[in-house]
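Encoded as structure tokens, the structure appears first; notes follow it.
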Amino acid sequence: MIMTARLASCIFAALIAAGASTAETTPAITQIWLTHGTNDPGHIVVNWLSEQPGDSTVHFGPTETLGQTVRTDENTTLHHVEIPLPESATVCHYQVSTGEQNSAPAKFKAYSTDVLRVAVVADWQGKPDLAALMADDPHLLMTAGDNISNIYPLCGEDHPECILPYAKLVAAYPELFRSTPFMPVLGNHDKQIRPRGPAPPEKPVYDVSATAFCRFFELPDDEWKWRFDLPAFGVRFIALDLHHLSDQGTTWQTSHDYDADSDQFRWYRDLMADCGDRFVITLYNAQNAAARSRAKGAWHDMFRKGTLCVTGYGHYGERAELDGHTYYNTALQGKGDRYPDPHSEFLASEHNYLLMTFDRAARTLAVEIKSLAGAVLDRKTFQQKK
């Protein structure tokens, strides 16, 4: 994952302009984000950008004295290093380095043993104030798509590999990303490499493979789709590549195939056949009503085997109920285009996010739609199957 010198230079020039600083002789590493690269919650990936290429070293441990080290020798400016998590209900301290470039000490929580908090955001195309979300102190941050505004405005057209928009996202929230594991889901904006225009153009508008997204984030499975389980809380998260479904087959196509003969359909079908007594949360970036109607309603039949679905397709907060299944829409930019679900039970034009709270002892999941001011707009509790 070696970036070109030109791309690395562009990234750091933009980050400095956004407020990041580097020392003249030994640049400080400030852009750090945490992800899971596999379905093993006992390991976490520490990711960072360095101004100068070099090795990738993470020093970590349960106290500020650290004590453990994982190092890779790849000569790169984009770094991904997986480390084992400390025992549950503790804090992991860490520091990263590349050559003589170092980060400040940082820390993150290991997963709790009693209560788990997961925040979900979508339509992250600006720089909203996330103080309320951070006050909720989530153990894990997820998205329902559209993590950036588009690729081409910062990178120029036809640069699907350019990670600059994602680097600027991390630069905007340094404390959040270095202290909270992040599991994003794709939306069409995450793939747009040229202007859309009024009609499908000659060349593809979107990079269906999501090259930049997959380079920047270390995620499980194919990365453009993934699953992540937290067995202690009986929960499975599944990320699908579903968005702008009506554009399939044109140069406006954004997502991988999703029909009944597609790999994505079969992969999801196999996962949903093995739900057991888990909470199953499915995340994507398509209009809920459109997604569940595809393949002659087979997607809805599969969704219903789980607990709930979350999308970030429109600019509003919503909870809809159909055939005993719950569909959510969330958006950090909650004042804009709305596409109300025919089965909507709650609908609000508010900047919002979801907070999911899992209680291990009670075997419950409480889902709140919260405003960016921290007010609870809607709340529903789910009971784990027995």
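By order in the structure tokens, chains are A, B, ...; within a chain, residues start at 1; ligands start at 1, following the order shown.
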Next on the checklist: Please identify the alpha helix (DSSP H) residues within segment 97-300 of chain A (assignment by DSSP from backbone atoms) and present them as number ranges by chain.
Outcome noted: A: 131-135, 152-155, 164-172, 174-179, 211-216, 263-272, 288-293, 298-300
Next on the checklist: I want to know what sits within 9 Å of Gln95 of chain A, based on only C-alpha atoms, with residues of the same chain fewer than 6 positions away left out; could you give that as a ChimeraX atom specification?
Outcome noted: /A:57-60,66,102-107
Please build the interface table for segment 34-76 of chain A against segment 201-220 of chain A with a cut-off of 7 Å, listing for each qualifying residue the nearest atom pair and the distance in Å to one decimal; count only C-alpha atoms, order rows by chain and increasing number, and write it as CSV.
residue,atom,partner,partner_atom,distance
A:Thr35,CA,A:Glu218,CA,6.2
A:His36,CA,A:Leu219,CA,5.5
A:Gly37,CA,A:Leu219,CA,4.1
A:Thr38,CA,A:Pro220,CA,4.2
A:Asn39,CA,A:Pro220,CA,5.9
Item to check | Spatial neighbours of Phe182 of chain A, 6 Å, only C-alpha atoms, chain gap at least 3 places, as a VMD selection string | outcome: chain A and resid 34 to 35 141 to 142
May I have the residues from that selection written out with C-alpha atoms, as a PDB file, in the first residue's frame?
ATOM      1  CA  LEU A  34      -8.677   2.399  14.524  1.00  0.00           C
ATOM      2  CA  THR A  35     -10.497  -0.380  12.655  1.00  0.00           C
ATOM      3  CA  LEU A 141     -18.476   3.797  15.754  1.00  0.00           C
ATOM      4  CA  MET A 142     -20.166   2.626  12.549  1.00  0.00           C
TER       5      MET A 142
END
Closest pair table for segment 51-148 of chain A residues within 12 Å of segment 275-285 of chain A, only C-alpha atoms, as CSV:
residue,atom,partner,partner_atom,distance
A:Val118,CA,A:Ile281,CA,11.2
A:Val120,CA,A:Leu283,CA,9.4
A:Val121,CA,A:Leu283,CA,10.7
A:Ala122,CA,A:Asn285,CA,8.5
A:Asp123,CA,A:Asn285,CA,9.4
A:Met142,CA,A:Leu283,CA,9.0
A:Thr143,CA,A:Leu283,CA,7.7
A:Ala144,CA,A:Tyr284,CA,5.3
A:Gly145,CA,A:Asn285,CA,5.2
A:Asp146,CA,A:Asn285,CA,7.6
A:Asn147,CA,A:Asn285,CA,10.6
Convert the current residue selection to file output with N, CA, C and O atoms, as an mmCIF file, in the first residue's frame.
data_model
loop_
_atom_site.group_PDB
_atom_site.id
_atom_site.type_symbol
_atom_site.label_atom_id
_atom_site.label_comp_id
_atom_site.auth_asym_id
_atom_site.auth_seq_id
_atom_site.Cartn_x
_atom_site.Cartn_y
_atom_site.Cartn_z
ATOM 1 N N VAL A 118 -22.798 1.371 20.806
ATOM 2 C CA VAL A 118 -22.382 1.484 19.407
ATOM 3 C C VAL A 118 -23.125 2.664 18.788
ATOM 4 O O VAL A 118 -24.361 2.717 18.821
ATOM 5 N N VAL A 120 -24.007 4.960 15.343
ATOM 6 C CA VAL A 120 -24.074 4.831 13.889
ATOM 7 C C VAL A 120 -24.391 6.204 13.300
ATOM 8 O O VAL A 120 -25.364 6.857 13.713
ATOM 9 N N VAL A 121 -23.580 6.638 12.337
ATOM 10 C CA VAL A 121 -23.790 7.912 11.657
ATOM 11 C C VAL A 121 -23.869 7.667 10.153
ATOM 12 O O VAL A 121 -23.501 6.603 9.656
ATOM 13 N N ALA A 122 -24.348 8.673 9.412
ATOM 14 C CA ALA A 122 -24.404 8.596 7.951
ATOM 15 C C ALA A 122 -24.434 10.007 7.385
ATOM 16 O O ALA A 122 -24.634 10.981 8.122
ATOM 17 N N ASP A 123 -24.247 10.116 6.079
ATOM 18 C CA ASP A 123 -24.224 11.417 5.406
ATOM 19 C C ASP A 123 -23.225 12.355 6.074
ATOM 20 O O ASP A 123 -23.538 13.498 6.406
ATOM 21 N N MET A 142 -19.878 3.173 13.872
ATOM 22 C CA MET A 142 -20.166 2.626 12.549
ATOM 23 C C MET A 142 -20.851 3.685 11.699
ATOM 24 O O MET A 142 -21.278 4.723 12.205
ATOM 25 N N THR A 143 -20.957 3.409 10.393
ATOM 26 C CA THR A 143 -21.670 4.323 9.521
ATOM 27 C C THR A 143 -22.671 3.550 8.669
ATOM 28 O O THR A 143 -22.614 2.322 8.577
ATOM 29 N N ALA A 144 -23.575 4.302 8.047
ATOM 30 C CA ALA A 144 -24.511 3.741 7.072
ATOM 31 C C ALA A 144 -24.305 4.433 5.729
ATOM 32 O O ALA A 144 -25.243 4.724 5.010
ATOM 33 N N GLY A 145 -23.033 4.702 5.401
ATOM 34 C CA GLY A 145 -22.676 5.200 4.086
ATOM 35 C C GLY A 145 -22.478 6.688 3.973
ATOM 36 O O GLY A 145 -22.814 7.456 4.874
ATOM 37 N N ASP A 146 -21.902 7.105 2.839
ATOM 38 C CA ASP A 146 -21.614 8.496 2.513
ATOM 39 C C ASP A 146 -20.750 9.133 3.593
ATOM 40 O O ASP A 146 -21.138 10.075 4.282
ATOM 41 N N ASN A 147 -19.531 8.605 3.709
ATOM 42 C CA ASN A 147 -18.583 9.096 4.704
ATOM 43 C C ASN A 147 -17.867 10.364 4.249
ATOM 44 O O ASN A 147 -17.324 11.093 5.078
#
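With only C-alpha atoms as the atoms that count, the minimum distance from Ala373 of chain A to the choices A:Arg294, A:Arg236, A:Glu157, A:Tyr353 is reached by A:Tyr353.
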Checklist outcome for this item: Among A:Pro153, A:Pro86, A:Pro181, A:Gly126, Thr63 of chain A is approached most closely, using only C-alpha atoms, by A:Pro86
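Residues of segment 128-187 of chain A that DSSP, applied to the backbone, places in strand (DSSP E): Leu140, Leu141, Met142, Thr143, Phe182 and Met183 of chain A.
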Can those selected residues be exported to a file as an mmCIF file, in the first residue's frame so that it contains all heavy atoms?
data_model
loop_
_atom_site.group_PDB
_atom_site.id
_atom_site.type_symbol
_atom_site.label_atom_id
_atom_site.label_comp_id
_atom_site.auth_asym_id
_atom_site.auth_seq_id
_atom_site.Cartn_x
_atom_site.Cartn_y
_atom_site.Cartn_z
ATOM 1 N N LEU A 140 -17.742 1.590 19.933
ATOM 2 C CA LEU A 140 -17.571 1.319 18.514
ATOM 3 C C LEU A 140 -18.374 2.341 17.723
ATOM 4 O O LEU A 140 -19.507 2.668 18.092
ATOM 5 C CB LEU A 140 -18.065 -0.097 18.208
ATOM 6 C CG LEU A 140 -17.970 -0.637 16.784
ATOM 7 C CD1 LEU A 140 -16.518 -0.711 16.320
ATOM 8 C CD2 LEU A 140 -18.609 -2.026 16.708
ATOM 9 N N LEU A 141 -17.797 2.845 16.632
ATOM 10 C CA LEU A 141 -18.476 3.797 15.754
ATOM 11 C C LEU A 141 -18.644 3.162 14.384
ATOM 12 O O LEU A 141 -17.677 2.664 13.799
ATOM 13 C CB LEU A 141 -17.661 5.085 15.633
ATOM 14 C CG LEU A 141 -18.188 6.146 14.657
ATOM 15 C CD1 LEU A 141 -19.562 6.660 15.090
ATOM 16 C CD2 LEU A 141 -17.192 7.295 14.525
ATOM 17 N N MET A 142 -19.878 3.173 13.872
ATOM 18 C CA MET A 142 -20.166 2.626 12.549
ATOM 19 C C MET A 142 -20.851 3.685 11.699
ATOM 20 O O MET A 142 -21.278 4.723 12.205
ATOM 21 C CB MET A 142 -21.059 1.388 12.662
ATOM 22 C CG MET A 142 -20.377 0.210 13.332
ATOM 23 S SD MET A 142 -21.404 -1.271 13.314
ATOM 24 C CE MET A 142 -20.173 -2.503 13.740
ATOM 25 N N THR A 143 -20.957 3.409 10.393
ATOM 26 C CA THR A 143 -21.670 4.323 9.521
ATOM 27 C C THR A 143 -22.671 3.550 8.669
ATOM 28 O O THR A 143 -22.614 2.322 8.577
ATOM 29 C CB THR A 143 -20.725 5.105 8.577
ATOM 30 O OG1 THR A 143 -20.239 4.232 7.552
ATOM 31 C CG2 THR A 143 -19.564 5.711 9.327
ATOM 32 N N PHE A 182 -13.511 2.181 14.350
ATOM 33 C CA PHE A 182 -14.394 2.726 13.324
ATOM 34 C C PHE A 182 -14.642 1.668 12.258
ATOM 35 O O PHE A 182 -13.710 1.099 11.698
ATOM 36 C CB PHE A 182 -13.724 3.956 12.701
ATOM 37 C CG PHE A 182 -14.542 4.673 11.668
ATOM 38 C CD1 PHE A 182 -15.850 5.051 11.925
ATOM 39 C CD2 PHE A 182 -13.988 4.996 10.432
ATOM 40 C CE1 PHE A 182 -16.601 5.730 10.966
ATOM 41 C CE2 PHE A 182 -14.729 5.683 9.479
ATOM 42 C CZ PHE A 182 -16.040 6.047 9.749
ATOM 43 N N MET A 183 -15.937 1.407 11.971
ATOM 44 C CA MET A 183 -16.327 0.410 10.967
ATOM 45 C C MET A 183 -17.277 1.079 9.975
ATOM 46 O O MET A 183 -18.495 1.090 10.165
ATOM 47 C CB MET A 183 -16.999 -0.783 11.647
ATOM 48 C CG MET A 183 -16.166 -1.470 12.709
ATOM 49 S SD MET A 183 -14.852 -2.480 12.025
ATOM 50 C CE MET A 183 -15.755 -3.903 11.484
#
Checklist entry - Nearest to Ser246 of chain A: which of A:Ala286, A:Arg269, A:Pro128, A:Val46 is it, counting only C-alpha atoms? => result A:Ala286
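Among A:Tyr327, A:Phe228, A:Trp299, A:Trp33, the residue with the shortest atom-to-atom distance to Thr311 of chain A, counting only C-alpha atoms, is A:Tyr327.
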Item to check | Length of the atom CA of Asn329 of chain A to atom CA of Ala131 of chain A vector [Å] | outcome: 20.9 Å
Item to check | Surrounding residues of Thr326 of chain A excluding itself and chain neighbours under 6 positions, 12 Å, only C-alpha atoms, as a ChimeraX atom specification | outcome: /A:280-282,288-289,292,300,303-311,318-320,341,343-346,367,380-382
Selected residues written out with N, CA, C and O atoms, as a compact mmCIF listing (two decimals), in the first residue's frame:
# COMPACT_ATOMS: atom_id res chain seq x y z
N VAL A 280 -28.96 -9.20 14.98
CA VAL A 280 -28.31 -9.03 13.69
C VAL A 280 -28.68 -7.65 13.14
O VAL A 280 -29.86 -7.36 12.90
N ILE A 281 -27.66 -6.82 12.96
CA ILE A 281 -27.82 -5.44 12.49
C ILE A 281 -27.26 -5.35 11.08
O ILE A 281 -26.07 -5.61 10.87
N THR A 282 -28.09 -4.99 10.11
CA THR A 282 -27.65 -4.86 8.72
C THR A 282 -27.57 -3.38 8.36
O THR A 282 -28.51 -2.63 8.60
N ASN A 288 -34.70 2.28 2.10
CA ASN A 288 -35.17 1.03 2.70
C ASN A 288 -36.24 0.34 1.85
O ASN A 288 -36.18 -0.87 1.62
N ALA A 289 -37.24 1.09 1.41
CA ALA A 289 -38.33 0.49 0.64
C ALA A 289 -37.82 -0.12 -0.66
O ALA A 289 -38.28 -1.19 -1.08
N ARG A 292 -35.62 -3.48 0.19
CA ARG A 292 -36.36 -4.69 0.56
C ARG A 292 -37.22 -5.25 -0.57
O ARG A 292 -37.65 -6.40 -0.52
N HIS A 300 -36.11 -8.40 1.55
CA HIS A 300 -36.91 -8.18 2.76
C HIS A 300 -37.04 -9.47 3.56
O HIS A 300 -36.95 -9.46 4.80
N PHE A 303 -33.79 -9.80 5.33
CA PHE A 303 -33.67 -8.79 6.38
C PHE A 303 -34.45 -9.20 7.63
O PHE A 303 -33.99 -9.01 8.76
N ARG A 304 -35.64 -9.74 7.43
CA ARG A 304 -36.54 -10.06 8.53
C ARG A 304 -35.99 -11.14 9.46
O ARG A 304 -36.45 -11.27 10.60
N LYS A 305 -35.02 -11.90 9.00
CA LYS A 305 -34.41 -12.92 9.85
C LYS A 305 -33.51 -12.29 10.90
O LYS A 305 -33.12 -12.95 11.87
N GLY A 306 -33.16 -11.02 10.69
CA GLY A 306 -32.34 -10.30 11.65
C GLY A 306 -33.17 -9.42 12.56
O GLY A 306 -34.38 -9.59 12.68
N THR A 307 -32.51 -8.46 13.19
CA THR A 307 -33.16 -7.60 14.18
C THR A 307 -33.61 -6.28 13.58
O THR A 307 -34.75 -5.85 13.78
N LEU A 308 -32.73 -5.62 12.83
CA LEU A 308 -33.06 -4.31 12.25
C LEU A 308 -32.09 -3.98 11.14
O LEU A 308 -31.02 -4.58 11.01
N CYS A 309 -32.49 -3.01 10.31
CA CYS A 309 -31.65 -2.49 9.24
C CYS A 309 -31.45 -0.99 9.46
O CYS A 309 -32.34 -0.30 9.96
N VAL A 310 -30.28 -0.50 9.05
CA VAL A 310 -29.97 0.92 9.15
C VAL A 310 -29.43 1.42 7.82
O VAL A 310 -28.51 0.82 7.25
N THR A 311 -30.01 2.51 7.32
CA THR A 311 -29.50 3.16 6.12
C THR A 311 -29.27 4.64 6.41
O THR A 311 -29.74 5.17 7.43
N GLU A 318 -35.54 8.37 10.91
CA GLU A 318 -36.78 7.62 10.72
C GLU A 318 -36.68 6.23 11.33
O GLU A 318 -35.61 5.61 11.34
N ARG A 319 -37.82 5.77 11.85
CA ARG A 319 -37.99 4.36 12.21
C ARG A 319 -39.26 3.87 11.54
O ARG A 319 -40.33 4.46 11.70
N ALA A 320 -39.16 2.79 10.77
CA ALA A 320 -40.30 2.19 10.08
C ALA A 320 -40.45 0.74 10.54
O ALA A 320 -39.46 0.09 10.91
N ASP A 341 -40.61 6.31 4.42
CA ASP A 341 -41.00 4.92 4.24
C ASP A 341 -42.53 4.83 4.36
O ASP A 341 -43.12 5.47 5.23
N HIS A 343 -44.15 2.76 5.69
CA HIS A 343 -44.47 2.16 6.98
C HIS A 343 -43.78 2.89 8.14
O HIS A 343 -43.49 2.31 9.18
N SER A 344 -43.57 4.19 7.95
CA SER A 344 -42.87 4.99 8.95
C SER A 344 -43.69 5.12 10.23
O SER A 344 -44.89 5.38 10.20
N GLU A 345 -43.01 4.95 11.37
CA GLU A 345 -43.61 5.16 12.69
C GLU A 345 -43.05 6.41 13.36
O GLU A 345 -43.69 6.98 14.24
N PHE A 346 -41.86 6.80 12.97
CA PHE A 346 -41.25 8.03 13.48
C PHE A 346 -40.49 8.67 12.33
O PHE A 346 -39.75 8.00 11.60
N VAL A 367 -32.31 1.08 21.06
CA VAL A 367 -31.89 1.91 19.94
C VAL A 367 -32.53 3.28 20.07
O VAL A 367 -33.76 3.40 20.12
N LYS A 380 -36.52 2.59 21.00
CA LYS A 380 -37.16 1.28 20.94
C LYS A 380 -36.22 0.25 21.55
O LYS A 380 -35.00 0.31 21.35
N THR A 381 -36.80 -0.69 22.31
CA THR A 381 -36.01 -1.75 22.93
C THR A 381 -36.31 -3.10 22.27
O THR A 381 -37.48 -3.43 22.03
N PHE A 382 -35.27 -3.86 21.98
CA PHE A 382 -35.38 -5.18 21.37
C PHE A 382 -34.90 -6.23 22.37
O PHE A 382 -33.92 -6.01 23.07
